[in-house]
>>> print(open('protein-v6.cif').read())   # mmCIF, C-alpha atoms and all ligand atoms
data_structure
loop_
_atom_site.label_atom_id
_atom_site.label_comp_id
_atom_site.auth_asym_id
_atom_site.auth_seq_id
_atom_site.Cartn_x
_atom_site.Cartn_y
_atom_site.Cartn_z
CA MET A 636 11.91 -17.94 1.36
CA PRO A 637 13.98 -14.85 2.13
CA ALA A 638 16.25 -15.04 5.14
CA ASP A 639 15.14 -12.77 7.95
CA ASP A 640 18.56 -11.12 8.15
CA GLU A 641 18.73 -10.03 4.50
CA PRO A 642 18.45 -6.26 3.91
CA ALA A 643 14.80 -5.21 4.02
CA PRO A 644 13.55 -3.55 0.82
CA VAL A 645 11.59 -1.00 2.86
CA VAL A 646 13.16 0.59 5.94
CA VAL A 647 11.81 3.51 7.96
CA GLU A 648 13.94 4.78 10.83
CA GLY A 649 12.94 7.54 13.20
CA LEU A 650 10.74 9.19 10.58
CA VAL A 651 9.24 12.54 11.54
CA LYS A 652 6.88 14.56 9.33
CA ARG A 653 5.04 17.71 10.38
CA PHE A 654 2.40 19.77 8.65
CA GLY A 655 2.53 23.11 10.46
CA SER A 656 1.57 22.33 14.04
CA CYS A 657 0.34 18.81 13.15
CA LEU A 658 2.89 16.10 13.96
CA ALA A 659 1.64 13.52 11.43
CA VAL A 660 4.53 11.06 11.84
CA ASP A 661 6.39 11.01 15.14
CA ASP A 662 9.58 8.94 15.25
CA MET A 663 8.19 6.02 13.24
CA SER A 664 10.38 3.00 12.55
CA LEU A 665 9.39 -0.07 10.58
CA ARG A 666 10.64 -2.62 8.06
CA ALA A 667 8.98 -4.65 5.36
CA ARG A 668 10.58 -7.93 4.36
CA ARG A 669 11.16 -8.99 0.77
CA ALA A 670 8.49 -11.11 -0.91
CA ARG A 671 6.12 -10.68 2.01
CA ILE A 672 2.84 -8.87 2.50
CA THR A 673 3.12 -6.32 5.30
CA THR A 674 -0.19 -4.79 6.35
CA ILE A 675 -0.27 -1.50 8.19
CA LEU A 676 -3.22 -0.92 10.52
CA GLY A 677 -3.99 2.22 12.47
CA PRO A 678 -6.71 4.73 13.30
CA ASN A 679 -7.70 7.53 10.91
CA GLY A 680 -5.07 10.21 11.00
CA ALA A 681 -2.41 7.94 12.57
CA GLY A 682 0.12 8.84 9.88
CA LYS A 683 0.01 5.81 7.56
CA THR A 684 -0.57 7.70 4.31
CA THR A 685 1.97 10.36 5.26
CA ALA A 686 4.62 7.70 5.91
CA ILE A 687 3.84 6.08 2.57
CA ALA A 688 4.09 9.45 0.82
CA CYS A 689 7.60 9.78 2.31
CA LEU A 690 8.45 6.27 1.10
CA LEU A 691 7.31 7.23 -2.38
CA GLY A 692 9.45 10.37 -2.42
CA LEU A 693 6.35 12.58 -2.59
CA LEU A 694 7.04 14.17 0.80
CA ARG A 695 10.42 15.04 2.29
CA PRO A 696 10.95 13.77 5.85
CA ASP A 697 11.63 16.41 8.51
CA ALA A 698 13.85 13.93 10.36
CA GLY A 699 14.81 10.28 10.26
CA SER A 700 15.32 8.25 7.15
CA VAL A 701 13.38 6.15 4.68
CA ARG A 702 14.92 3.66 2.25
CA VAL A 703 13.24 1.75 -0.53
CA LEU A 704 15.36 -0.81 -2.36
CA ALA A 705 18.33 0.74 -0.56
CA GLU A 706 17.69 4.19 -2.04
CA ASP A 707 16.43 7.47 -0.61
CA PRO A 708 13.16 7.94 -2.50
CA TRP A 709 13.33 11.75 -2.21
CA ARG A 710 16.53 11.77 -4.30
CA ALA A 711 15.92 8.71 -6.45
CA GLU A 712 16.05 8.79 -10.26
CA ALA A 713 13.35 7.63 -12.65
CA GLY A 714 14.90 4.16 -12.83
CA HIS A 715 14.15 3.67 -9.14
CA ARG A 716 10.56 4.85 -9.49
CA ALA A 717 9.90 2.23 -12.17
CA ARG A 718 10.74 -0.48 -9.61
CA VAL A 719 8.05 0.77 -7.20
CA GLY A 720 4.29 0.43 -7.70
CA VAL A 721 1.74 2.62 -5.98
CA MET A 722 -1.98 2.74 -5.40
CA LEU A 723 -3.05 5.81 -3.45
CA GLN A 724 -6.37 6.33 -1.71
CA ASP A 725 -7.60 8.98 -4.10
CA GLY A 726 -6.55 6.90 -7.07
CA GLY A 727 -4.50 9.61 -8.73
CA LEU A 728 -5.90 8.39 -12.03
CA PRO A 729 -6.49 10.68 -15.02
CA ASN A 730 -10.23 11.29 -15.05
CA THR A 731 -11.18 11.54 -18.67
CA VAL A 732 -9.69 8.40 -20.19
CA GLY A 733 -11.03 4.86 -19.99
CA ALA A 734 -9.31 2.01 -18.15
CA ARG A 735 -8.13 0.22 -21.28
CA ARG A 736 -6.48 3.28 -22.74
CA LEU A 737 -4.89 4.15 -19.43
CA LEU A 738 -3.53 0.64 -18.81
CA GLU A 739 -2.19 0.36 -22.37
CA HIS A 740 -0.48 3.70 -21.91
CA LEU A 741 1.12 2.57 -18.65
CA ALA A 742 2.17 -0.75 -20.19
CA ARG A 743 3.89 1.19 -22.98
CA LEU A 744 5.82 3.23 -20.42
CA TYR A 745 7.37 0.13 -18.88
CA ALA A 746 10.36 -1.08 -20.86
CA GLY A 747 9.44 -4.75 -20.48
CA ALA A 748 6.01 -4.45 -22.05
CA GLN A 749 6.55 -5.09 -25.77
CA THR A 750 2.85 -5.78 -26.22
CA PRO A 751 0.90 -3.13 -24.30
CA GLN A 752 -2.48 -4.29 -25.61
CA ARG A 753 -1.85 -7.80 -24.38
CA VAL A 754 -0.56 -6.65 -20.99
CA ALA A 755 -3.60 -4.38 -20.54
CA SER A 756 -5.95 -7.20 -21.60
CA GLU A 757 -4.42 -9.58 -19.07
CA TRP A 758 -5.08 -7.13 -16.23
CA ILE A 759 -8.53 -6.23 -17.54
CA ASP A 760 -9.44 -9.94 -17.55
CA ARG A 761 -7.84 -10.61 -14.21
CA LEU A 762 -9.67 -7.81 -12.39
CA ALA A 763 -12.92 -8.08 -14.39
CA ILE A 764 -12.53 -4.55 -15.72
CA GLY A 765 -13.90 -5.50 -19.18
CA PRO A 766 -17.51 -4.34 -18.72
CA PHE A 767 -16.36 -0.78 -17.98
CA GLU A 768 -13.02 -0.65 -19.79
CA ARG A 769 -14.03 2.29 -22.00
CA THR A 770 -15.94 4.30 -19.39
CA PRO A 771 -14.11 7.51 -18.39
CA VAL A 772 -12.55 6.99 -14.97
CA ARG A 773 -14.56 9.86 -13.45
CA ARG A 774 -17.80 7.97 -14.22
CA LEU A 775 -16.71 4.73 -12.55
CA SER A 776 -18.01 3.54 -9.19
CA GLY A 777 -15.59 3.67 -6.26
CA GLY A 778 -14.95 -0.07 -6.41
CA GLN A 779 -14.41 -0.03 -10.18
CA ARG A 780 -11.91 2.77 -9.78
CA GLN A 781 -10.11 0.75 -7.09
CA LYS A 782 -9.67 -2.10 -9.56
CA VAL A 783 -8.21 0.18 -12.23
CA ALA A 784 -5.86 1.75 -9.68
CA LEU A 785 -4.73 -1.70 -8.51
CA ALA A 786 -4.02 -2.81 -12.09
CA ALA A 787 -2.11 0.44 -12.68
CA ALA A 788 -0.01 -0.19 -9.56
CA LEU A 789 0.96 -3.77 -10.43
CA LEU A 790 1.09 -3.83 -14.21
CA GLY A 791 4.73 -2.72 -14.36
CA ARG A 792 5.77 -5.76 -12.28
CA PRO A 793 7.28 -3.62 -9.50
CA GLU A 794 9.68 -5.07 -6.93
CA VAL A 795 7.90 -3.15 -4.17
CA ALA A 796 4.29 -1.94 -4.21
CA PHE A 797 2.55 0.40 -1.76
CA LEU A 798 -1.18 -0.18 -1.77
CA ASP A 799 -3.26 2.22 0.34
CA GLU A 800 -6.51 0.45 1.29
CA PRO A 801 -6.67 -1.55 -1.97
CA THR A 802 -9.89 -3.37 -1.07
CA ALA A 803 -11.83 -0.42 0.40
CA GLY A 804 -15.22 -0.32 -1.25
CA LEU A 805 -14.84 -3.65 -3.06
CA ASP A 806 -17.68 -6.19 -2.95
CA PRO A 807 -16.93 -9.55 -1.26
CA HIS A 808 -16.14 -11.35 -4.55
CA ALA A 809 -13.79 -8.61 -5.71
CA ARG A 810 -12.15 -8.54 -2.29
CA LEU A 811 -11.44 -12.29 -2.35
CA GLU A 812 -10.12 -12.02 -5.90
CA THR A 813 -7.87 -9.12 -4.87
CA TRP A 814 -6.49 -11.11 -1.94
CA ARG A 815 -5.74 -14.01 -4.30
CA LEU A 816 -4.01 -11.64 -6.70
CA LEU A 817 -1.92 -10.06 -3.95
CA ARG A 818 -0.79 -13.47 -2.68
CA GLU A 819 0.25 -14.40 -6.22
CA GLN A 820 2.19 -11.16 -6.51
CA ARG A 821 3.95 -11.93 -3.25
CA ASP A 822 4.72 -15.48 -4.38
CA ALA A 823 6.24 -13.98 -7.54
CA GLY A 824 8.73 -12.20 -5.27
CA ARG A 825 7.12 -8.77 -4.89
CA THR A 826 7.18 -6.92 -1.58
CA LEU A 827 3.73 -5.52 -0.79
CA ILE A 828 2.90 -2.88 1.79
CA VAL A 829 -0.85 -2.75 2.27
CA THR A 830 -2.74 -0.36 4.53
CA THR A 831 -6.12 -1.51 5.75
CA HIS A 832 -8.79 -0.91 8.39
CA SER A 833 -9.95 -4.53 8.18
CA PHE A 834 -8.81 -7.00 10.84
CA GLU A 835 -10.04 -9.82 8.61
CA GLU A 836 -7.89 -8.56 5.78
CA ALA A 837 -4.82 -8.34 7.98
CA GLU A 838 -5.45 -11.82 9.41
CA ARG A 839 -6.05 -13.47 6.06
CA LEU A 840 -3.50 -11.63 3.97
CA ALA A 841 -0.58 -10.46 6.04
CA ASP A 842 2.73 -12.17 6.60
CA ASP A 843 3.68 -9.25 8.82
CA VAL A 844 1.56 -6.64 10.60
CA VAL A 845 2.46 -3.12 11.69
CA ILE A 846 0.13 -1.24 14.06
CA VAL A 847 0.49 2.52 13.91
CA ALA A 848 -0.89 4.96 16.48
CA SER A 849 -0.27 8.70 16.85
CA GLY A 850 2.46 8.70 14.22
CA LYS A 851 4.45 5.77 15.66
CA ALA A 852 4.67 2.05 14.88
CA VAL A 853 3.56 0.60 18.22
CA ALA A 854 3.81 -3.08 17.24
CA GLN A 855 5.23 -5.05 14.34
CA GLY A 856 6.02 -8.61 13.38
CA THR A 857 4.14 -11.70 12.32
CA LEU A 858 0.61 -12.07 13.67
CA ALA A 859 1.96 -14.60 16.16
CA GLN A 860 4.54 -12.07 17.35
CA VAL A 861 2.12 -9.14 17.57
CA VAL A 862 -0.94 -10.85 19.04
CA PRO A 863 -0.46 -12.33 22.54
CA PRO A 864 -1.55 -15.96 23.00
CA GLY A 865 -5.30 -16.20 23.44
CA ALA A 866 -5.93 -12.62 22.26
CA SER A 867 -7.32 -11.45 18.92
CA LEU A 868 -5.77 -8.97 16.54
CA GLU A 869 -8.77 -6.74 17.15
CA ALA A 870 -8.30 -6.73 20.94
CA THR A 871 -4.56 -6.16 20.52
CA TYR A 872 -5.24 -3.26 18.16
CA PHE A 873 -7.65 -1.57 20.57
CA ALA A 874 -5.27 -2.05 23.47
CA LEU A 875 -2.36 -0.54 21.53
CA THR A 876 -4.20 2.32 19.87
CA GLY A 877 -5.77 3.53 23.08
CA ASN A 878 -9.39 2.92 22.14
CA SER A 879 -11.80 0.67 23.96
CA GLU A 880 -13.43 -2.15 22.02
CA ASP A 881 -16.57 -1.50 24.04
CA SER A 882 -16.74 2.24 23.52
N1 LIG B 1 -0.88 17.99 3.51
C1 LIG B 1 -1.29 18.02 4.77
N2 LIG B 1 -1.44 19.20 5.41
C2 LIG B 1 -1.82 19.24 6.70
N3 LIG B 1 -2.10 18.15 7.45
C3 LIG B 1 -1.98 16.97 6.86
C4 LIG B 1 -1.58 16.82 5.49
N4 LIG B 1 -1.55 15.50 5.19
C5 LIG B 1 -1.92 14.86 6.31
N5 LIG B 1 -2.17 15.72 7.30
C6 LIG B 1 -2.54 15.38 8.68
O1 LIG B 1 -1.60 14.42 9.13
C7 LIG B 1 -2.24 13.45 9.97
C8 LIG B 1 -1.95 12.07 9.44
O2 LIG B 1 -2.70 11.88 8.24
P1 LIG B 1 -2.57 10.57 7.36
O3 LIG B 1 -3.35 10.82 6.10
O4 LIG B 1 -1.14 10.20 7.23
O5 LIG B 1 -3.32 9.49 8.26
P2 LIG B 1 -3.75 8.00 7.93
O6 LIG B 1 -3.20 7.14 9.01
O7 LIG B 1 -3.36 7.64 6.54
O8 LIG B 1 -5.33 8.10 8.08
P3 LIG B 1 -6.54 7.32 7.32
O9 LIG B 1 -6.63 5.97 7.96
O10 LIG B 1 -7.71 8.18 7.64
O11 LIG B 1 -6.21 7.28 5.86
C9 LIG B 1 -3.70 13.83 10.01
O12 LIG B 1 -3.94 14.57 11.19
C10 LIG B 1 -3.89 14.70 8.78
O13 LIG B 1 -4.92 15.65 8.97
#
>>> encode(input="protein-v6.cif", output="structure tokens", more="lines below")
Ligand SMILES: Nc1ncnc2c1ncn2[C@@H]1O[C@H](COP(=O)(O)OP(=O)(O)OP(=O)(O)O)[C@@H](O)[C@H]1O
Amino acid sequence: MPADDEPAPVVVEGLVKRFGSCLAVDDMSLRARRARITTILGPNGAGKTTAIACLLGLLRPDAGSVRVLAEDPWRAEAGHRARVGVMLQDGGLPNTVGARRLLEHLARLYAGAQTPQRVASEWIDRLAIGPFERTPVRRLSGGQRQKVALAAALLGRPEVAFLDEPTAGLDPHARLETWRLLREQRDAGRTLIVTTHSFEEAERLADDVVIVASGKAVAQGTLAQVVPPGASLEATYFALTGNSEDS
């Protein structure tokens, strides 16, 4: 188990990001510990995806700092990017190719994969992609596309992976299988940052939880640290995000 005082692989300090007059991220600070699953919960528009885009080096912070594996992602070289996996909400997958071809292509890009066909087959088996492995991505159902995007994010054996709502739209079997997979990835030493709108997912999957509201991290820690004795995560979330559970 990693010591709590070792440098965190993901550090956000005082992050600010504006889009015109919209303050999407407002002085956000958070950390994700190595070889742990950190889930980020927060209302629509709270700034989760924007913060992740900064952590991926896709957006440049207006203020504050972000570090991934001790580097500034905005300035990082290709070698750094290969250590970081990503699954974005819109998939970002090429539309016209099938899953097998795409996964083989990605496996070829990663130096470690000497046998791209075998690597792709392992992920296709693991995520039950086989029945639709040759269907062009644009023809896949939302849940099928999620599976391909998850395989694409993890296939390069990244040290850190950012997964934006990885189980959204998955059926209950696929969701359980994804949780099992993510725990295995964590146990293999990967640091996973997972956004979700599911309290059940956070409770069953997370080692650490971050609650984000109005562009700030308003609570973070283990579930036991974040949720007061006798309360639920759901009640804590509603109290911290300013919404009423009864409304
Ligand atoms: N490129 C952009 N241009 C303008 N506004 C943007 C842009 N990207 C995000 N925003 C705004 O920033 C705010 C934060 O959006 P963000 O996508 O980070 O929220 P989120 O917490 O990921 O929400 P959700 O749970 O719905 O995915 C929103 O008000 C959104 O409209």
>>> residues_around(input="protein-v6.cif", residues="segment 827-844 of chain A", least_positions_apart="4", cutoff="9 Å", atoms="all atoms listed in the file", output="CSV table (one decimal) with C-alpha atoms, in the coordinates of the input")
chain,number,residue,atom,x,y,z
A,645,VAL,CA,11.6,-1.0,2.9
A,667,ALA,CA,9.0,-4.6,5.4
A,668,ARG,CA,10.6,-7.9,4.4
A,669,ARG,CA,11.2,-9.0,0.8
A,670,ALA,CA,8.5,-11.1,-0.9
A,671,ARG,CA,6.1,-10.7,2.0
A,672,ILE,CA,2.8,-8.9,2.5
A,673,THR,CA,3.1,-6.3,5.3
A,674,THR,CA,-0.2,-4.8,6.4
A,675,ILE,CA,-0.3,-1.5,8.2
A,676,LEU,CA,-3.2,-0.9,10.5
A,677,GLY,CA,-4.0,2.2,12.5
A,678,PRO,CA,-6.7,4.7,13.3
A,679,ASN,CA,-7.7,7.5,10.9
A,683,LYS,CA,0.0,5.8,7.6
A,684,THR,CA,-0.6,7.7,4.3
A,794,GLU,CA,9.7,-5.1,-6.9
A,795,VAL,CA,7.9,-3.2,-4.2
A,796,ALA,CA,4.3,-1.9,-4.2
A,797,PHE,CA,2.6,0.4,-1.8
A,798,LEU,CA,-1.2,-0.2,-1.8
A,799,ASP,CA,-3.3,2.2,0.3
A,800,GLU,CA,-6.5,0.4,1.3
A,801,PRO,CA,-6.7,-1.6,-2.0
A,802,THR,CA,-9.9,-3.4,-1.1
A,803,ALA,CA,-11.8,-0.4,0.4
A,814,TRP,CA,-6.5,-11.1,-1.9
A,815,ARG,CA,-5.7,-14.0,-4.3
A,817,LEU,CA,-1.9,-10.1,-4.0
A,818,ARG,CA,-0.8,-13.5,-2.7
A,820,GLN,CA,2.2,-11.2,-6.5
A,821,ARG,CA,4.0,-11.9,-3.2
A,854,ALA,CA,3.8,-3.1,17.2
A,855,GLN,CA,5.2,-5.0,14.3
A,856,GLY,CA,6.0,-8.6,13.4
A,857,THR,CA,4.1,-11.7,12.3
A,858,LEU,CA,0.6,-12.1,13.7
A,861,VAL,CA,2.1,-9.1,17.6
A,868,LEU,CA,-5.8,-9.0,16.5
A,869,GLU,CA,-8.8,-6.7,17.2
A,872,TYR,CA,-5.2,-3.3,18.2
>>> residues_around(input="protein-v6.cif", residues="Val772 of chain A", least_positions_apart="3", cutoff="7 Å", atoms="all atoms listed in the file", output="ChimeraX atom specification")
/A:730-734,775,780
>>> atom_distance(input="protein-v6.cif", atom1="atom CA of Leu762 of chain A", atom2="atom O11 of ligand LIG 1 (chain B)")
23.9 Å
>>> residues_near_point(input="protein-v6.cif", point="(-4.1, 2.6, 20.5)", cutoff="12 Å", atoms="only C-alpha atoms", output="list of chain:residue names")
A:Leu676, A:Gly677, A:Pro678, A:Asn679, A:Ala681, A:Ile846, A:Val847, A:Ala848, A:Ser849, A:Gly850, A:Lys851, A:Ala852, A:Val853, A:Ala854, A:Glu869, A:Ala870, A:Thr871, A:Tyr872, A:Phe873, A:Ala874, A:Leu875, A:Thr876, A:Gly877, A:Asn878, A:Ser879, A:Glu880
>>> closest_residue(input="protein-v6.cif", among="A:Leu665, A:Cys689, A:Val660, A:Met722", to="Ala643 of chain A", atoms="all atoms listed in the file")
A:Leu665
>>> atom_distance(input="protein-v6.cif", atom1="atom CA of Asp760 of chain A", atom2="atom CA of Arg792 of chain A")
16.6 Å
>>> atom_distance(input="protein-v6.cif", atom1="atom CA of Ala688 of chain A", atom2="atom O9 of ligand LIG 1 (chain B)")
13.3 Å
>>> closest_residue(input="protein-v6.cif", among="A:Glu739, A:Asp661, A:Glu648, A:Glu706", to="ligand LIG 1 (chain B)", atoms="only C-alpha atoms and all ligand atoms")
A:Asp661
>>> residues_around(input="protein-v6.cif", residues="Ala717 of chain A", least_positions_apart="5", cutoff="8 Å", atoms="all atoms listed in the file", output="ChimeraX atom specification")
/A:745,791,793
>>> write_last_selection(input="protein-v6.cif", atoms="C-alpha atoms", output="tab-separated table (two decimals), in the frame of the given file")
chain	number	residue	atom	x	y	z
A	745	TYR	CA	7.37	0.13	-18.88
A	791	GLY	CA	4.73	-2.72	-14.36
A	793	PRO	CA	7.28	-3.62	-9.50
>>> decode(input="protein-v6.cif", residues="segment 796-849 of chain A", atoms="C-alpha atoms", output="compact mmCIF listing (two decimals), in the first residue's frame")
# COMPACT_ATOMS: atom_id res chain seq x y z
CA ALA A 796 -6.01 7.07 -16.10
CA PHE A 797 -8.76 9.69 -16.22
CA LEU A 798 -12.12 8.08 -16.87
CA ASP A 799 -15.06 10.45 -17.37
CA GLU A 800 -18.26 8.59 -16.43
CA PRO A 801 -16.93 5.20 -17.63
CA THR A 802 -20.08 3.29 -16.71
CA ALA A 803 -22.68 5.78 -17.97
CA GLY A 804 -25.13 3.91 -20.16
CA LEU A 805 -23.78 0.45 -19.32
CA ASP A 806 -26.22 -2.35 -18.43
CA PRO A 807 -25.94 -3.81 -14.89
CA HIS A 808 -23.74 -6.77 -15.98
CA ALA A 809 -21.36 -4.54 -17.90
CA ARG A 810 -21.24 -2.11 -14.99
CA LEU A 811 -20.27 -4.84 -12.51
CA GLU A 812 -17.66 -6.16 -14.94
CA THR A 813 -16.26 -2.65 -15.38
CA TRP A 814 -16.01 -2.16 -11.61
CA ARG A 815 -14.14 -5.48 -11.35
CA LEU A 816 -11.79 -4.41 -14.12
CA LEU A 817 -11.12 -1.03 -12.52
CA ARG A 818 -10.32 -2.65 -9.16
CA GLU A 819 -7.88 -4.98 -10.91
CA GLN A 820 -6.25 -2.02 -12.61
CA ARG A 821 -5.89 -0.29 -9.27
CA ASP A 822 -4.45 -3.43 -7.68
CA ALA A 823 -1.92 -3.52 -10.53
CA GLY A 824 -0.70 -0.12 -9.30
CA ARG A 825 -2.60 2.25 -11.59
CA THR A 826 -4.02 5.52 -10.29
CA LEU A 827 -7.60 5.98 -11.51
CA ILE A 828 -9.61 9.18 -11.47
CA VAL A 829 -13.24 8.39 -12.21
CA THR A 830 -16.06 10.90 -12.54
CA THR A 831 -19.54 9.62 -11.83
CA HIS A 832 -23.08 10.70 -10.98
CA SER A 833 -23.76 7.41 -9.20
CA PHE A 834 -23.59 7.29 -5.40
CA GLU A 835 -23.59 3.50 -5.61
CA GLU A 836 -20.60 3.60 -7.91
CA ALA A 837 -18.69 5.91 -5.59
CA GLU A 838 -19.56 3.80 -2.55
CA ARG A 839 -18.63 0.50 -4.15
CA LEU A 840 -15.61 1.58 -6.14
CA ALA A 841 -13.88 4.52 -4.56
CA ASP A 842 -10.95 4.52 -2.21
CA ASP A 843 -11.21 8.30 -2.13
CA VAL A 844 -14.06 10.64 -3.01
CA VAL A 845 -13.96 14.26 -4.15
CA ILE A 846 -17.19 16.29 -4.21
CA VAL A 847 -17.11 19.26 -6.57
CA ALA A 848 -19.60 22.13 -6.56
CA SER A 849 -19.49 25.43 -8.45
